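Below is query_32.cif, holding mmCIF, C-alpha atoms.
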data_target
loop_
_atom_site.label_atom_id
_atom_site.label_comp_id
_atom_site.auth_asym_id
_atom_site.auth_seq_id
_atom_site.Cartn_x
_atom_site.Cartn_y
_atom_site.Cartn_z
CA MET R 1 183.97 117.55 104.35
CA MET R 2 182.29 119.54 101.61
CA SER R 3 180.56 117.28 99.12
CA ASP R 4 179.53 118.12 95.57
CA ASN R 5 175.91 118.11 96.66
CA GLU R 6 176.35 120.91 99.12
CA ILE R 7 174.83 124.30 98.51
CA ARG R 8 176.17 127.04 100.77
CA ILE R 9 173.79 129.67 102.03
CA LYS R 10 175.33 132.88 103.29
CA MET R 11 173.83 135.41 105.67
CA ALA R 12 170.76 137.11 104.24
CA GLU R 13 170.24 134.45 101.58
CA TYR R 14 167.88 131.59 100.96
CA GLU R 15 167.96 128.66 98.59
CA ILE R 16 165.56 125.98 97.42
CA ALA R 17 166.80 122.47 96.63
CA GLN R 18 165.82 118.84 96.11
CA PRO R 19 167.49 115.45 96.76
CA PRO R 20 170.35 114.64 96.76
CA GLN R 21 171.33 118.20 97.57
CA VAL R 22 172.39 119.31 101.05
CA LEU R 23 171.71 122.88 102.14
CA VAL R 24 174.42 124.23 104.41
CA THR R 25 174.86 127.38 106.44
CA LEU R 26 177.93 128.05 108.58
CA GLY R 27 178.53 129.81 111.86
CA LEU R 28 175.06 130.86 112.96
CA GLY R 29 175.23 133.12 116.01
CA SER R 30 172.23 135.31 116.76
CA CYS R 31 170.98 134.65 113.21
CA ILE R 32 168.45 131.91 112.50
CA GLY R 33 168.72 129.10 110.00
CA LEU R 34 165.22 127.91 109.14
CA ALA R 35 164.75 124.65 107.24
CA LEU R 36 161.41 124.16 105.48
CA TYR R 37 160.55 120.72 104.09
CA ASP R 38 157.76 119.10 102.14
CA LYS R 39 158.25 115.43 102.96
CA TYR R 40 156.20 114.21 99.97
CA THR R 41 157.68 116.25 97.15
CA LYS R 42 160.96 116.80 99.09
CA VAL R 43 161.06 120.40 97.98
CA SER R 44 163.34 121.98 100.58
CA GLY R 45 164.17 125.53 101.52
CA LEU R 46 166.72 127.05 103.86
CA ILE R 47 166.91 130.69 104.88
CA HIS R 48 169.65 132.35 106.96
CA PHE R 49 168.06 135.55 108.20
CA MET R 50 169.68 138.18 110.44
CA LEU R 51 166.97 140.37 111.93
CA PRO R 52 163.26 140.06 112.74
CA GLU R 53 161.82 143.07 110.93
CA SER R 54 162.50 144.65 107.56
CA ASN R 55 160.71 147.95 108.24
CA GLY R 56 160.34 148.44 104.52
CA LYS R 57 163.90 147.58 103.53
CA LYS R 58 164.41 145.66 100.31
CA ASP R 59 166.86 142.91 101.22
CA ILE R 60 164.18 140.20 101.45
CA ALA R 61 166.13 137.23 102.84
CA LYS R 62 167.84 139.31 105.51
CA TYR R 63 164.67 139.66 107.58
CA ALA R 64 162.26 137.13 109.03
CA ASP R 65 159.10 139.04 108.14
CA THR R 66 159.88 139.28 104.42
CA GLY R 67 162.16 136.27 103.95
CA ILE R 68 160.05 133.46 105.42
CA PRO R 69 156.78 134.16 103.56
CA ASN R 70 158.75 134.74 100.36
CA LEU R 71 160.58 131.42 100.69
CA ILE R 72 157.32 129.56 101.32
CA GLU R 73 155.80 131.13 98.22
CA LYS R 74 158.81 130.15 96.09
CA MET R 75 158.66 126.57 97.42
CA VAL R 76 154.98 126.35 96.49
CA GLU R 77 155.89 127.57 92.99
CA MET R 78 158.43 124.72 92.85
CA GLY R 79 155.71 122.18 93.63
CA ALA R 80 155.62 122.02 97.44
CA LYS R 81 152.21 121.78 99.08
CA ARG R 82 151.82 124.39 101.78
CA ARG R 83 149.96 122.01 104.13
CA ASN R 84 152.80 119.47 103.93
CA ILE R 85 155.59 121.87 104.81
CA ILE R 86 157.22 121.44 108.20
CA ALA R 87 159.85 123.66 109.83
CA LYS R 88 163.05 123.22 111.83
CA LEU R 89 164.60 126.17 113.60
CA VAL R 90 168.32 126.54 114.42
CA GLY R 91 170.45 129.37 115.88
CA GLY R 92 169.36 132.47 117.75
CA ALA R 93 172.21 132.26 120.26
CA LYS R 94 173.51 134.96 122.54
CA MET R 95 177.26 134.77 122.05
CA PHE R 96 178.31 137.20 124.78
CA SER R 97 176.83 138.03 128.13
CA PHE R 98 177.52 140.94 130.41
CA GLY R 99 174.99 140.21 133.13
CA ASP R 100 173.44 143.66 132.83
CA ASP R 101 171.18 143.24 129.82
CA ASN R 102 168.39 140.94 130.94
CA SER R 103 165.60 143.45 130.61
CA VAL R 104 165.12 143.33 126.85
CA MET R 105 165.16 140.29 124.60
CA ASN R 106 168.46 139.88 122.78
CA ILE R 107 168.58 139.69 118.99
CA GLY R 108 168.82 135.90 118.97
CA GLN R 109 165.67 135.56 121.07
CA ARG R 110 163.87 138.16 119.00
CA ASN R 111 164.82 136.33 115.81
CA ALA R 112 163.49 133.01 117.13
CA ALA R 113 160.29 134.63 118.39
CA ALA R 114 159.73 136.35 115.04
CA ALA R 115 160.18 133.08 113.12
CA LYS R 116 157.65 131.33 115.36
CA GLU R 117 155.09 134.06 115.01
CA ILE R 118 155.41 134.17 111.23
CA LEU R 119 155.27 130.38 110.88
CA GLN R 120 152.15 130.28 113.02
CA LYS R 121 150.56 132.90 110.80
CA GLU R 122 151.57 130.87 107.73
CA LYS R 123 150.11 127.73 109.42
CA ILE R 124 153.42 125.88 109.24
CA LYS R 125 154.29 123.52 112.05
CA ILE R 126 157.68 123.64 113.77
CA ILE R 127 158.64 120.03 114.45
CA ALA R 128 162.15 120.58 115.82
CA GLU R 129 164.18 123.39 117.27
CA ASP R 130 167.72 123.96 118.50
CA THR R 131 167.91 127.61 119.48
CA GLY R 132 169.27 129.93 122.15
CA GLU R 133 172.20 129.25 124.49
CA ASN R 134 175.60 130.82 123.98
CA PHE R 135 177.33 129.01 121.14
CA GLY R 136 177.66 129.11 117.36
CA ARG R 137 176.09 126.50 115.11
CA THR R 138 176.58 125.13 111.61
CA MET R 139 173.61 123.36 110.05
CA ARG R 140 173.37 120.79 107.26
CA PHE R 141 169.91 120.09 105.88
CA PHE R 142 169.68 116.75 104.04
CA THR R 143 166.88 117.09 101.53
CA ASP R 144 166.53 113.32 100.95
CA THR R 145 165.48 112.66 104.56
CA GLY R 146 164.58 116.11 105.88
CA GLU R 147 167.08 115.68 108.68
CA VAL R 148 169.15 118.58 109.96
CA LYS R 149 172.57 118.05 111.50
CA VAL R 150 173.68 120.79 113.89
CA THR R 151 177.40 121.05 114.55
CA SER R 152 178.92 123.20 117.24
CA TYR R 153 182.26 123.57 118.94
CA LYS R 154 180.86 123.24 122.44
CA ARG R 155 178.59 120.24 122.03
CA ASP R 156 178.33 116.92 120.17
CA ASP R 157 176.59 116.89 116.81
CA LEU R 158 172.84 116.91 117.06
CA LEU R 159 170.44 115.40 114.55
CA ILE R 160 167.00 116.97 114.51
CA MET W 161 172.61 160.48 106.29
CA ASP W 162 173.91 158.48 103.36
CA ASN W 163 173.93 154.82 104.32
CA THR W 164 176.72 153.65 102.06
CA ASN W 165 179.54 155.83 103.41
CA PHE W 166 177.88 157.12 106.56
CA GLY W 167 178.00 160.59 104.99
CA LEU W 168 181.75 160.80 105.53
CA ASN W 169 184.08 162.49 103.08
CA SER W 170 187.69 161.42 102.73
CA ILE W 171 189.03 164.12 105.07
CA GLN W 172 186.66 162.97 107.79
CA GLN W 173 187.63 159.36 107.19
CA ASP W 174 191.28 160.35 107.53
CA ALA W 175 190.50 162.10 110.80
CA LEU W 176 188.85 158.96 112.16
CA LYS W 177 191.84 156.94 110.98
CA GLU W 178 194.09 159.29 112.91
CA VAL W 179 191.96 158.84 116.02
CA GLY W 180 192.34 155.10 115.58
CA ASN W 181 196.06 155.50 115.01
CA ILE W 182 196.65 157.37 118.24
CA GLY W 183 194.45 155.00 120.20
CA ALA W 184 196.19 151.96 118.79
CA GLY W 185 199.63 153.50 119.32
CA ASN W 186 198.89 153.85 122.99
CA ALA W 187 197.48 150.32 123.12
CA ALA W 188 200.65 149.02 121.44
CA THR W 189 202.74 150.63 124.20
CA SER W 190 200.67 148.82 126.84
CA PHE W 191 200.94 145.62 124.81
CA SER W 192 204.74 146.00 124.67
CA LYS W 193 204.90 146.32 128.45
CA ILE W 194 202.82 143.19 129.03
CA LEU W 195 204.74 141.09 126.52
CA ASP W 196 208.06 142.70 127.45
CA ARG W 197 209.00 143.17 123.81
CA GLU W 198 208.44 145.86 121.26
CA ILE W 199 205.02 145.74 119.64
CA ASN W 200 204.22 148.03 116.74
CA ILE W 201 201.02 148.82 114.93
CA GLU W 202 200.02 149.00 111.34
CA VAL W 203 198.29 152.19 110.30
CA PRO W 204 194.64 151.47 111.04
CA SER W 205 192.17 151.06 108.24
CA ILE W 206 188.60 152.24 108.11
CA GLU W 207 186.13 149.97 106.48
CA ILE W 208 182.45 150.29 105.89
CA ILE W 209 181.08 146.81 105.41
CA PRO W 210 177.56 145.57 104.69
CA LEU W 211 176.36 143.46 107.61
CA GLU W 212 175.80 140.39 105.46
CA ASP W 213 179.55 140.27 104.67
CA VAL W 214 180.97 140.50 108.19
CA SER W 215 181.22 136.80 109.05
CA THR W 216 184.20 136.20 106.77
CA ILE W 217 186.33 139.32 107.44
CA THR W 218 188.83 137.35 109.54
CA GLY W 219 188.78 134.12 107.48
CA SER W 220 186.38 131.21 107.30
CA GLU W 221 183.10 131.29 109.26
CA GLU W 222 184.01 128.06 111.04
CA ASP W 223 187.52 129.01 112.24
CA HIS W 224 187.75 128.75 115.98
CA VAL W 225 188.67 132.12 117.46
CA ALA W 226 188.50 133.95 120.74
CA GLY W 227 186.32 137.04 120.76
CA ILE W 228 186.66 139.60 123.54
CA LEU W 229 183.89 142.16 123.49
CA PHE W 230 183.50 145.49 125.27
CA LYS W 231 180.57 147.84 125.22
CA VAL W 232 181.71 151.42 125.13
CA THR W 233 179.46 153.88 126.92
CA GLY W 234 179.72 157.62 127.51
CA GLU W 235 179.70 160.52 125.10
CA ALA W 236 180.60 158.51 121.99
CA PRO W 237 179.19 155.00 122.49
CA GLY W 238 180.22 152.00 120.47
CA THR W 239 181.70 148.53 120.64
CA ILE W 240 185.22 147.13 120.82
CA LEU W 241 185.94 143.61 119.61
CA PHE W 242 189.20 141.64 119.63
CA ILE W 243 189.48 138.48 117.57
CA PHE W 244 192.40 136.13 118.21
CA PRO W 245 192.87 132.87 116.32
CA SER W 246 194.05 129.87 118.34
CA THR W 247 197.66 130.19 117.11
CA THR W 248 197.88 133.69 118.58
CA ILE W 249 196.36 132.55 121.86
CA LYS W 250 199.05 129.88 122.04
CA TYR W 251 201.71 132.52 121.36
CA LEU W 252 200.35 134.95 123.97
CA VAL W 253 200.09 132.23 126.61
CA GLU W 254 203.69 131.23 125.89
CA VAL W 255 205.03 134.77 126.13
CA VAL W 256 203.01 135.96 129.11
CA MET W 257 202.54 132.81 131.16
CA ASP W 258 205.56 130.87 129.98
CA LYS W 259 203.34 127.87 129.34
CA GLN W 260 202.93 125.59 126.31
CA ILE W 261 199.37 124.78 125.28
CA GLU W 262 197.64 122.98 122.47
CA PRO W 263 195.83 125.45 120.20
CA GLU W 264 192.37 124.19 121.17
CA GLU W 265 193.10 124.15 124.88
CA ILE W 266 191.30 127.29 126.02
CA GLY W 267 190.68 126.99 129.74
CA GLU W 268 189.93 129.47 132.48
CA MET W 269 193.54 130.65 132.68
CA GLU W 270 193.67 131.42 128.98
CA GLU W 271 190.28 133.09 129.13
CA SER W 272 191.27 135.40 131.97
CA LEU W 273 194.58 136.24 130.32
CA LEU W 274 192.80 137.22 127.11
CA LYS W 275 190.14 139.21 128.95
CA GLU W 276 192.77 141.05 130.95
CA LEU W 277 194.81 141.76 127.85
CA GLY W 278 191.70 143.03 126.08
CA ASN W 279 190.88 145.15 129.09
CA ILE W 280 194.25 146.85 129.14
CA LEU W 281 194.43 147.36 125.38
CA SER W 282 190.94 148.79 125.02
CA GLY W 283 191.46 150.89 128.14
CA SER W 284 194.54 152.58 126.75
CA TYR W 285 192.90 152.88 123.34
CA LEU W 286 189.87 154.69 124.76
CA LYS W 287 191.93 156.80 127.12
CA SER W 288 194.01 158.26 124.32
CA ILE W 289 190.92 158.87 122.18
CA GLY W 290 189.38 160.55 125.21
CA ASP W 291 192.43 162.74 125.73
CA MET W 292 192.46 163.71 122.08
CA THR W 293 188.76 164.46 121.70
CA ASP W 294 187.98 165.49 125.27
CA LEU W 295 185.12 162.98 125.20
CA ASN W 296 184.38 160.78 128.14
CA MET W 297 184.14 157.07 127.32
CA THR W 298 184.03 154.00 129.56
CA GLN W 299 184.29 150.33 128.72
CA SER W 300 182.18 147.53 130.15
CA VAL W 301 183.58 144.37 131.70
CA PRO W 302 184.78 142.03 128.95
CA GLY W 303 182.50 139.48 127.35
CA PHE W 304 184.31 136.36 126.16
CA SER W 305 183.57 133.65 123.63
CA TYR W 306 185.76 130.97 122.06
CA ASP W 307 183.73 129.76 119.13
CA MET W 308 183.15 129.95 115.37
CA ALA W 309 184.34 133.25 113.89
CA GLY W 310 181.17 133.65 111.84
CA ALA W 311 178.93 133.36 114.89
CA ILE W 312 181.00 135.83 116.94
CA LEU W 313 181.41 138.41 114.17
CA SER W 314 177.84 138.35 112.88
CA SER W 315 176.28 138.57 116.34
CA THR W 316 178.59 141.38 117.43
CA MET W 317 178.21 143.46 114.30
CA ILE W 318 174.43 143.03 114.08
CA SER W 319 174.12 144.37 117.64
CA ALA W 320 176.68 147.10 117.02
CA SER W 321 175.09 148.41 113.85
CA SER W 322 172.44 150.99 114.55
CA THR W 323 171.21 151.06 110.96
CA GLY W 324 171.00 147.29 110.47
CA GLU W 325 172.73 147.79 107.11
CA ASN W 326 176.41 148.67 107.39
CA VAL W 327 179.03 148.75 110.04
CA LEU W 328 182.00 151.11 110.25
CA LEU W 329 185.12 149.39 111.52
CA ILE W 330 188.35 151.02 112.62
CA GLU W 331 190.69 148.06 112.35
CA THR W 332 194.22 147.70 113.70
CA GLU W 333 196.90 145.05 113.38
CA PHE W 334 199.75 144.53 115.83
CA MET W 335 203.30 143.51 114.86
CA ASP W 336 205.93 141.84 116.99
CA GLY W 337 209.01 142.98 115.09
CA GLU W 338 208.46 141.73 111.56
CA ARG W 339 206.04 139.07 112.72
CA LYS W 340 202.40 139.91 112.48
CA ILE W 341 200.45 138.99 115.58
CA ASP W 342 197.53 137.39 113.88
CA GLY W 343 194.55 139.07 115.40
CA TYR W 344 192.06 141.81 114.88
CA PHE W 345 191.08 144.82 116.89
CA PHE W 346 187.87 146.55 115.88
CA PHE W 347 186.42 149.77 117.20
CA ILE W 348 182.85 150.13 116.00
CA PRO W 349 181.46 153.56 116.91
CA GLN W 350 177.70 153.95 116.82
CA ILE W 351 176.63 156.00 113.82
CA GLU W 352 175.63 158.88 116.11
CA SER W 353 179.10 158.81 117.68
CA LEU W 354 180.85 159.55 114.40
CA SER W 355 179.68 163.14 114.22
CA ILE W 356 180.33 163.59 117.94
CA ILE W 357 183.94 162.45 117.52
CA LEU W 358 184.39 164.56 114.38
CA ASN W 359 182.84 167.62 116.03
CA SER W 360 185.19 167.32 118.97
CA LEU W 361 188.08 167.40 116.49
CA GLY W 362 186.82 170.64 115.01
CA PHE W 363 184.95 169.26 112.01
CA ASP W 364 181.67 170.86 111.24
CA ASN W 365 178.69 168.59 110.76
CA ASP W 366 177.84 170.08 107.39
CA GLU W 367 181.32 169.87 105.99
#
Would you give me this structure, written as structure tokens?
Amino acid sequence: MMSDNEIRIKMAEYEIAQPPQVLVTLGLGSCIGLALYDKYTKVSGLIHFMLPESNGKKDIAKYADTGIPNLIEKMVEMGAKRRNIIAKLVGGAKMFSFGDDNSVMNIGQRNAAAAKEILQKEKIKIIAEDTGENFGRTMRFFTDTGEVKVTSYKRDDLLI
Amino acid sequence: MDNTNFGLNSIQQDALKEVGNIGAGNAATSFSKILDREINIEVPSIEIIPLEDVSTITGSEEDHVAGILFKVTGEAPGTILFIFPSTTIKYLVEVVMDKQIEPEEIGEMEESLLKELGNILSGSYLKSIGDMTDLNMTQSVPGFSYDMAGAILSSTMISASSTGENVLLIETEFMDGERKIDGYFFFIPQIESLSIILNSLGFDNDE
């Protein structure tokens, strides 16, 4: 299944690519995979972050609040125009439930909420989203079209 | 506290290993009774792993596995996670239920068998740790997921880690005779629980 064009992004990493490359991240649970795309220059970025807030820690791509703005900046350096960048959000699931923990938001929900808040601040529009629920997701981001294919064990493939 | 080794010296790590060993020994006895054959354990290992590396500790991120999760509450809180690949589920269903299944065929019956098994194993694990340390610990009802290993492991460990940086795993493997029962049993004490467990064993905090 893995083609030569694929670039794998692990947890707490991001990568910037251009056609014909495909950005891939496997087994998202409560983490978020965020695809950012400039449809004119096709400069594409994908970040797999784990937690909403860095609280001063250095591992930039691990956290939404440091990773997302940093990725946007790097994409602009690579020629993307900020006003043309659109976003697609994947992951943020809650893999286990116990029925007793409804009072606070789970990490998946907090991750998705953090991404939305940061993107709004950065004036970047989210045009598609596949988040929440209780299953794992693998995402493939095709930089030639901007499409994202979401694969999961519990559901048919989804193209967003 | 030092984040890279949780401030533990090698003697303290050995003590935690011994706690894991006794817990797992007791769990293996329960396991033997359920499977009606002798199940042994490997000496547990203690690993301190950065969170960003946890999704591949049992293999590829996309392997389909069953995860059975327990929250541990009481005097030394933490998390217990079992990971069984589909081949082991097939084996367990065969031995316990005398039924042949396809590896991907995880229905309600298989789910309740695995939950019950997890329940018994973690119960005897915690009971023997409790007896040894005189600490009171209780497990939650089991949470269950059959899904991608990466999704199960990352989500569990991110929640279990109080620092957001590393996770301390006490890992055990079970053996059926010479045959390894492919599966993982992780006890993930909260960072605060480590000193509580060590104190109860007579280790001073400043040691």
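This file, queried with the PyMOL selection byres ((chain R) within 6 of (chain W)), gives the residues Met11, Gly27, Leu28, Gly29, Ser30, Phe96, Ser97 and Gly136 of chain R.
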Exercise for review: Evaluate the PyMOL selection byres ((chain W and resi 199-209) around 7) and record the selected residues as an NGL selection string, following the chain and residue labels used in the document.
Suggested key: :W and (165 or 177 or 180-181 or 184-185 or 188 or 191-192 or 197-198 or 210-211 or 213-214 or 326-337)
Review point. Which residue, R:Leu23, R:Gly132, R:Thr143, R:Glu13, has the smallest gap to Val43 in chain R when you use all atoms listed in the file?
Key: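 Looking at the shortest contact to Val43 in chain R, the residue is R:Thr143.
The closest residue to Met139 in chain R, picked from R:Ile47, R:Val90, R:Ile85, R:Ala113 and counting all atoms listed in the file, is R:Val90.
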Range 303-315 of chain W: axis-aligned bounding box, 3 Å on each side, centre and edge lengths in Å, one decimal, as JSON:
{"center_x": 181.0, "center_y": 134.6, "center_z": 119.6, "size_x": 15.5, "size_y": 15.7, "size_z": 21.5}
Check your understanding: Separation of CA of Ile160 in chain R and CA of Arg140 in chain R, in Å?
Key ->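 The value is 10.4 Å.
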Please provide the set of residues having any atom within 9 Å of Leu159 in chain R, restricted to all atoms listed in the file, with same-chain residues fewer than 3 positions apart removed, written as an mmCIF file with C-alpha atoms, keeping the file's coordinate frame.
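out.cif was written with the following content:
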data_model
loop_
_atom_site.group_PDB
_atom_site.id
_atom_site.type_symbol
_atom_site.label_atom_id
_atom_site.label_comp_id
_atom_site.auth_asym_id
_atom_site.auth_seq_id
_atom_site.Cartn_x
_atom_site.Cartn_y
_atom_site.Cartn_z
ATOM 1 C CA GLU R 147 167.080 115.680 108.680
ATOM 2 C CA VAL R 148 169.150 118.580 109.960
ATOM 3 C CA LYS R 149 172.570 118.050 111.500
ATOM 4 C CA VAL R 150 173.680 120.790 113.890
ATOM 5 C CA THR R 151 177.400 121.050 114.550
#
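Nearest residue to Ile124 in chain R among R:Met95, R:Ala35, R:Leu158, R:Val24 is R:Ala35, counting only C-alpha atoms.
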Point to revise | Residue with smallest distance to Thr138 in chain R - pool R:Lys42, R:Lys116, R:Lys62, R:Lys10, counting only C-alpha atoms | key: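 That would be R:Lys10, the residue with the smallest distance to Thr138 in chain R.
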Practice item. Can you work out which one of R:Cys31, R:Ala114, R:Ile127, R:Ala93 has the shortest atom-to-atom distance to Pro52 in chain R, counting all atoms listed in the file? Key: R:Ala114
Exercise for review: Excluding range 278-287 of chain W and residues on its chain fewer than 6 positions from it, collect all residues at most 6 Å away from it, counting only C-alpha atoms, and give them as a list of chain:residue names.
Suggested key: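 Once the adjacent positions are removed, what remains is W:Gly183, W:Ala184, W:Asn186, W:Ala187.
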Review point. Mind pulling up the distance from CA of Ser288 in chain W to CA of Gly362 in chain W?
Key: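 Going from CA of Gly362 in chain W over to CA of Ser288 in chain W, I get 17.1 Å.
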The PyMOL selection byres ((chain R and resi 108) around 6) resolved against shown file, as a CSV table (one decimal) with C-alpha atoms, keeping the file's coordinate frame:
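That gives us result17.csv:
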chain,number,residue,atom,x,y,z
R,30,SER,CA,172.2,135.3,116.8
R,92,GLY,CA,169.4,132.5,117.8
R,93,ALA,CA,172.2,132.3,120.3
R,94,LYS,CA,173.5,135.0,122.5
R,106,ASN,CA,168.5,139.9,122.8
R,107,ILE,CA,168.6,139.7,119.0
R,109,GLN,CA,165.7,135.6,121.1
R,110,ARG,CA,163.9,138.2,119.0
R,111,ASN,CA,164.8,136.3,115.8
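Going from CA of Met75 in chain R to CA of Asp59 in chain R covers 18.7 Å.
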Review point. Could you pull the residues within 12 Å of Ala80 in chain R, counting all atoms listed in the file, minus those fewer than 5 positions along the same chain, as JSON, numbers by chain?
Key: {"R": [16, 17, 18, 36, 37, 38, 39, 40, 41, 42, 43, 44, 45, 71, 72, 73, 74, 75, 85, 86]}
**Study point:** Counting only C-alpha atoms, the option among R:Ala12, R:Lys121, R:Thr145, R:Ala128 closest to Ser54 in chain R
**Key:** R:Ala12
